[in-house]
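Data block below; observations after.
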Amino acid sequence: MEIGLIAVAAVVVLVGTSILGSKIGVAAPLLLVIVGIGAGYLPFVPPLEIDPEIILIGVLPPLLYSAAVNVPLVDFRRNLRPVVGLSVLLVIISAVAIGFILHWAVPAIPLPAAIALGAVISPTDAVAATSIGKRLGMPERLVSILEGESLVNDATSLVLLKTALAAVAGSFVFWDAAGSFGFSVIAAIAIGLVMGAITVWIRSKLRNPVYDTIISFVVPFVAFMPAEELGASGVLAVVVTGLYTGHHAAKRFSATARMNERLNWRTVQFGLENGVFLVMGLQLHTLLDEVDDTQLQLEHVALVALGLVAILILLRGLFMVPLIWSMRGDQGRYQQRSDGFTRILTRARRAETTERRLRKLELLEQRSRADLAHEREQQLGWRDGVLLSWSGMRGVVTLAAAQSISTDVPYRPQLILIAFAVAVVTLLLHGLTLPLLISKLWPEGANGSRTAELQSLGRDLLEAADTALEDEIEMDAEAQDGRIVADDDVVKRVRAAAKSTLAPLVFPTVSTGATQAIAQETQAACYRRLARTVLDAQRDALLEERAIGRYSSQALRAAELALDAQETRITPPLAH
């Protein structure tokens, strides 16, 4: 009974805090840490101790999968250099630098243990940063970089931690460690691709959404466990599987499966992310009690934690300078690649290449031009570097990895509390100041209006629909397999359905900023108003018929699903 009450209270706190955060403009993770710290000192709240294996095995795989499956592969590919730089090079540099500095400042802490702490506090957690950034208009490319960094740096951190803990036990050899690191990464990528291909194939054959949902929930663990068993990075395997699944979902899964997966994993992600931040706050009381029983007292721990936060901020800021500078020539490289594909395509057309190969070359040439346009429009500058350097929050992985430090490591309670303090300080410091920094760097907003882009996409999709419809009508006229030629009424209804589906994109829209006064209703607003009026009338009639009982429950359910589908169609699409 007590566990059930605690679970219900936790859910109420998660939802209530998230609602409050959206009302007052503060990211929910920040509030949850504060709420957790306060609740931990209430007399009726028992001390909280969670086995780190629960987080490392039970929480981390689904959390990383839910994030990876929603990351567009094209964004990950275009930002591969900054993602790899921040998630691999910076993590290694930070861990080693923190280790040597901490060992120099506190010689009682062995160097391997100090490097282990460095590995724990080096990876960032982009949950709070991106939630704030999306709400305040952080440049889209920076959001993609932060999301990609937080996906990959967990693997780097945990592999480094395992290596450092082996050194504490006296079994460290540099070349063995380097080889182990390389094997861990390569094997994880291979396992992730294989598991992604297998699970996508299985799910593409399922037609029952219940079966598909159950399979999707075990996919992260199917990728994680074999990788860990073989000595590879389980978290990296999960990330690769998630990226593969998200990329192939549009082609291999049904619309129902995609909608279910988005909703299911958004719900899982919300519960796990926010739950861990609440746990972070609740565990403070227990950690303080453990430190009070040792020689290295709380004031020393606080000073060390603040010093390490300053070092992490300095290292990240210094790392941004060469990273941004090295990317200044990317536009020229994209231009050369685009010109190269154009020349190859021109020669292929002259040589009368097969239609299939020609189509493939056309797609590559169009992709290279799109990459060039993206680099021109969203090239990173000094403002982007400043914002990236100030988005180094720590969170879930730092807390979980710190608790996995073995009990025979000297000053283990202090190391855990230092990691906890670094996570909380960076979360509050960066989280509370990021809104001001974003508004100062981009007073007019960074992303601009997406109206023209949405309209262009909508027109392209309508054009594709018209072309396919005309081709199909021509084929029907020539077919000898019993198909008939559609009459004008059927064709008009098909065209109307296509336009209705894309209406929220094609019609011009107006930004819905809170301070903007709308003088005149737009075509989009008029369409949605009329469609909503009709839909509300239909729903009222359906509810009335349900109350009367004139029709069977199966018929009423079918009508309800149809109205829900129409409501989805007339609602402007939002990016999550």
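Residue names in the structure tokens use chain letters A, B, ... in the order shown, residue numbers from 1 in each chain, and ligand numbers from 1 in the order shown.
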
Expected answer as a PyMOL selection string: helix (DSSP H, G or I) residues in range 216-444 of chain A: chain A and resi 216-229+234-252+255-282+284-292+298-326+330-350+355-377+382-389+396-403+412-441

Using only C-alpha atoms, tabulate the residues of range 190-212 of chain A lying at most 12 Å from any atom of range 235-248 of chain A, each with its closest atom pair and that distance in Å to one decimal, by chain and increasing residue number, as a tab-separated table.
```
residue	atom	partner	partner_atom	distance
A:Ala190	CA	A:Ala237	CA	7.8
A:Ile191	CA	A:Ala237	CA	6.1
A:Gly192	CA	A:Ala237	CA	4.2
A:Leu193	CA	A:Thr241	CA	5.8
A:Val194	CA	A:Thr241	CA	8.1
A:Met195	CA	A:Thr241	CA	6.4
A:Gly196	CA	A:Thr241	CA	4.5
A:Ala197	CA	A:Tyr244	CA	7.5
A:Ile198	CA	A:Thr241	CA	9.9
A:Thr199	CA	A:Thr245	CA	8.2
A:Val200	CA	A:Thr245	CA	6.3
A:Trp201	CA	A:His248	CA	9.9
A:Ile202	CA	A:Thr245	CA	11.6
A:Arg203	CA	A:Thr245	CA	10.1
A:Ser204	CA	A:His248	CA	10.0
```

With N, CA and C atoms retained, export the selected residues as a compact mmCIF listing (two decimals), in the first residue's frame.
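The result, written out as part_31.txt:
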```
# COMPACT_ATOMS: atom_id res chain seq x y z
N ALA A 190 27.72 -2.09 -34.71
CA ALA A 190 27.30 -3.26 -35.49
C ALA A 190 26.08 -3.93 -34.88
N ILE A 191 26.11 -4.12 -33.56
CA ILE A 191 24.97 -4.76 -32.89
C ILE A 191 23.72 -3.90 -33.02
N GLY A 192 23.87 -2.59 -32.87
CA GLY A 192 22.73 -1.70 -33.00
C GLY A 192 22.10 -1.76 -34.38
N LEU A 193 22.93 -1.81 -35.43
CA LEU A 193 22.40 -1.90 -36.79
C LEU A 193 21.69 -3.23 -37.01
N VAL A 194 22.29 -4.32 -36.54
CA VAL A 194 21.68 -5.64 -36.73
C VAL A 194 20.34 -5.72 -35.99
N MET A 195 20.33 -5.30 -34.74
CA MET A 195 19.09 -5.37 -33.97
C MET A 195 18.03 -4.42 -34.54
N GLY A 196 18.47 -3.27 -35.03
CA GLY A 196 17.52 -2.37 -35.65
C GLY A 196 16.89 -2.98 -36.89
N ALA A 197 17.73 -3.61 -37.74
CA ALA A 197 17.20 -4.23 -38.96
C ALA A 197 16.23 -5.37 -38.62
N ILE A 198 16.59 -6.18 -37.63
CA ILE A 198 15.74 -7.32 -37.26
C ILE A 198 14.40 -6.85 -36.69
N THR A 199 14.45 -5.93 -35.74
CA THR A 199 13.20 -5.49 -35.10
C THR A 199 12.33 -4.70 -36.05
N VAL A 200 12.91 -3.91 -36.94
CA VAL A 200 12.10 -3.19 -37.93
C VAL A 200 11.42 -4.17 -38.88
N TRP A 201 12.15 -5.21 -39.30
CA TRP A 201 11.54 -6.21 -40.19
C TRP A 201 10.38 -6.93 -39.50
N ILE A 202 10.59 -7.30 -38.24
CA ILE A 202 9.52 -8.00 -37.51
C ILE A 202 8.31 -7.09 -37.35
N ARG A 203 8.53 -5.87 -36.96
CA ARG A 203 7.41 -4.96 -36.72
C ARG A 203 6.69 -4.58 -38.01
N SER A 204 7.42 -4.57 -39.13
CA SER A 204 6.78 -4.24 -40.41
C SER A 204 5.80 -5.32 -40.84
```

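Nearest-residue note for Arg258 in chain A: choosing from A:Asn274, A:Gln378, A:Thr467, A:Thr213, the minimum distance belongs to A:Thr213, counting only C-alpha atoms.
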
Best match for closeness to Ala113 in chain A among A:Leu90, A:Ala67, A:Leu312, A:Ala167, counting only C-alpha atoms: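 When distances to Ala113 in chain A are compared using only C-alpha atoms, the smallest one comes from A:Ala167.
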
Do you know which residues are at most 12 Å from Tyr334 in chain A counting only C-alpha atoms, after dropping those on the same chain fewer than 6 positions away, and could you put them as a ChimeraX atom specification? /A:78,327-328,340-341,365,367-376,379

Residues as selected, N, CA and C atoms, written as a CSV table (one decimal), in the first residue's frame, can you do that?
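Generated output (again.csv):
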```csv
chain,number,residue,atom,x,y,z
A,78,ARG,N,24.3,15.7,-40.7
A,78,ARG,CA,24.8,17.0,-41.0
A,78,ARG,C,25.6,17.6,-39.8
A,327,MET,N,34.9,24.5,-38.5
A,327,MET,CA,33.7,24.3,-39.3
A,327,MET,C,33.5,25.5,-40.3
A,328,ARG,N,34.4,26.5,-40.2
A,328,ARG,CA,34.2,27.6,-41.1
A,328,ARG,C,34.4,27.2,-42.6
A,340,GLY,N,30.6,18.4,-57.6
A,340,GLY,CA,31.1,17.1,-58.1
A,340,GLY,C,29.9,16.2,-58.5
A,341,PHE,N,28.9,16.2,-57.7
A,341,PHE,CA,27.7,15.3,-58.0
A,341,PHE,C,27.0,15.9,-59.3
A,365,GLU,N,22.6,14.1,-55.9
A,365,GLU,CA,22.9,15.5,-56.3
A,365,GLU,C,21.9,16.5,-55.6
A,367,ARG,N,20.5,15.9,-52.7
A,367,ARG,CA,20.8,15.9,-51.3
A,367,ARG,C,22.0,16.8,-51.0
A,368,SER,N,23.0,16.7,-51.9
A,368,SER,CA,24.2,17.5,-51.7
A,368,SER,C,23.9,19.0,-51.8
A,369,ARG,N,22.9,19.4,-52.7
A,369,ARG,CA,22.5,20.8,-52.8
A,369,ARG,C,21.7,21.2,-51.6
A,370,ALA,N,20.9,20.3,-51.0
A,370,ALA,CA,20.2,20.6,-49.8
A,370,ALA,C,21.2,20.8,-48.6
A,371,ASP,N,22.2,19.9,-48.5
A,371,ASP,CA,23.2,20.1,-47.5
A,371,ASP,C,23.9,21.4,-47.6
A,372,LEU,N,24.2,21.8,-48.8
A,372,LEU,CA,24.9,23.1,-49.0
A,372,LEU,C,24.0,24.3,-48.6
A,373,ALA,N,22.7,24.2,-49.0
A,373,ALA,CA,21.8,25.2,-48.6
A,373,ALA,C,21.6,25.3,-47.0
A,374,HIS,N,21.6,24.1,-46.4
A,374,HIS,CA,21.5,24.1,-44.9
A,374,HIS,C,22.7,24.7,-44.3
A,375,GLU,N,23.9,24.4,-44.8
A,375,GLU,CA,25.1,25.0,-44.3
A,375,GLU,C,25.2,26.5,-44.4
A,376,ARG,N,24.7,27.0,-45.6
A,376,ARG,CA,24.7,28.4,-45.8
A,376,ARG,C,23.7,29.1,-44.9
A,379,GLN,N,25.0,28.3,-40.7
A,379,GLN,CA,26.4,28.1,-40.4
A,379,GLN,C,26.6,28.6,-39.0
```

Suppose you want the space between CA of Gly99 in chain A and CA of Gly118 in chain A; what is it in Å?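 Rounded to one decimal, the two atoms are 5.6 Å apart.
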
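Checking A:Gln336, A:Thr407, A:Ser389, A:Ser254 one by one against Met320 in chain A, counting only C-alpha atoms, you find the shortest gap at A:Ser389.
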
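Our summary of the geometry notes that CA of Ala486 in chain A is positioned 12.4 Å from CA of Asp471 in chain A.
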
Which residue is closest to Leu230 in chain A? Choose from A:Ser216, A:Ser180, A:Thr130, A:Thr256 and count only C-alpha atoms.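 Smallest distance to Leu230 in chain A is found for A:Ser180.
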
Distance query Pro47 in chain A at most 12 Å, only C-alpha atoms, self and fewer than 2 positions along chain excluded, as a short mmCIF file (atom, residue, chain, number, x, y, z; two decimals) with N, CA and C atoms, in the first residue's frame:
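The result, stored in out-v5.cif:
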```cif
data_model
loop_
_atom_site.label_atom_id
_atom_site.label_comp_id
_atom_site.auth_asym_id
_atom_site.auth_seq_id
_atom_site.Cartn_x
_atom_site.Cartn_y
_atom_site.Cartn_z
N GLY A 36 12.14 17.96 -5.32
CA GLY A 36 12.70 16.76 -4.72
C GLY A 36 13.57 17.06 -3.52
N ILE A 37 14.39 18.10 -3.62
CA ILE A 37 15.25 18.49 -2.47
C ILE A 37 14.39 18.87 -1.27
N ALA A 39 11.20 18.02 -0.69
CA ALA A 39 10.42 16.88 -0.19
C ALA A 39 11.30 15.90 0.58
N GLY A 40 12.58 15.81 0.23
CA GLY A 40 13.47 14.88 0.91
C GLY A 40 13.65 15.19 2.39
N TYR A 41 13.41 16.44 2.78
CA TYR A 41 13.58 16.84 4.18
C TYR A 41 12.27 16.81 4.96
N LEU A 42 11.18 16.42 4.31
CA LEU A 42 9.93 16.29 5.05
C LEU A 42 10.02 15.07 5.97
N PRO A 43 9.49 15.17 7.20
CA PRO A 43 9.66 14.08 8.17
C PRO A 43 9.00 12.78 7.77
N PHE A 44 7.94 12.84 6.99
CA PHE A 44 7.24 11.60 6.64
C PHE A 44 7.77 10.97 5.35
N VAL A 45 8.77 11.59 4.71
CA VAL A 45 9.36 11.03 3.49
C VAL A 45 10.57 10.19 3.88
N GLU A 49 17.00 5.36 -1.45
CA GLU A 49 18.19 4.74 -2.01
C GLU A 49 17.76 3.84 -3.17
N ILE A 50 18.33 4.10 -4.34
CA ILE A 50 17.97 3.33 -5.53
C ILE A 50 19.20 2.63 -6.06
N VAL A 279 14.04 12.18 -8.50
CA VAL A 279 14.86 11.31 -7.66
C VAL A 279 16.17 11.99 -7.28
N GLY A 281 16.67 15.08 -6.66
CA GLY A 281 16.43 15.95 -5.50
C GLY A 281 16.16 15.18 -4.23
N LEU A 282 15.42 14.08 -4.33
CA LEU A 282 15.07 13.30 -3.14
C LEU A 282 16.28 12.65 -2.48
N GLN A 283 17.32 12.34 -3.26
CA GLN A 283 18.47 11.62 -2.72
C GLN A 283 19.46 12.52 -2.00
N LEU A 284 19.27 13.83 -2.06
CA LEU A 284 20.25 14.73 -1.44
C LEU A 284 20.39 14.46 0.06
N HIS A 285 19.27 14.25 0.74
CA HIS A 285 19.30 14.07 2.19
C HIS A 285 20.15 12.84 2.56
N THR A 286 19.94 11.75 1.85
CA THR A 286 20.68 10.52 2.14
C THR A 286 22.17 10.70 1.90
N LEU A 287 22.53 11.38 0.81
CA LEU A 287 23.95 11.59 0.50
C LEU A 287 24.63 12.45 1.55
N LEU A 288 23.94 13.47 2.04
CA LEU A 288 24.53 14.33 3.07
C LEU A 288 24.79 13.56 4.35
N ASP A 289 23.89 12.66 4.71
CA ASP A 289 24.09 11.86 5.92
C ASP A 289 25.31 10.96 5.79
N GLU A 290 25.54 10.40 4.60
CA GLU A 290 26.70 9.54 4.40
C GLU A 290 28.00 10.33 4.50
#
```

Top pick for closest residue to Phe277 in chain A, considering A:Asn153, A:Thr398, A:Thr533, A:Gln403 and counting only C-alpha atoms: A:Thr398
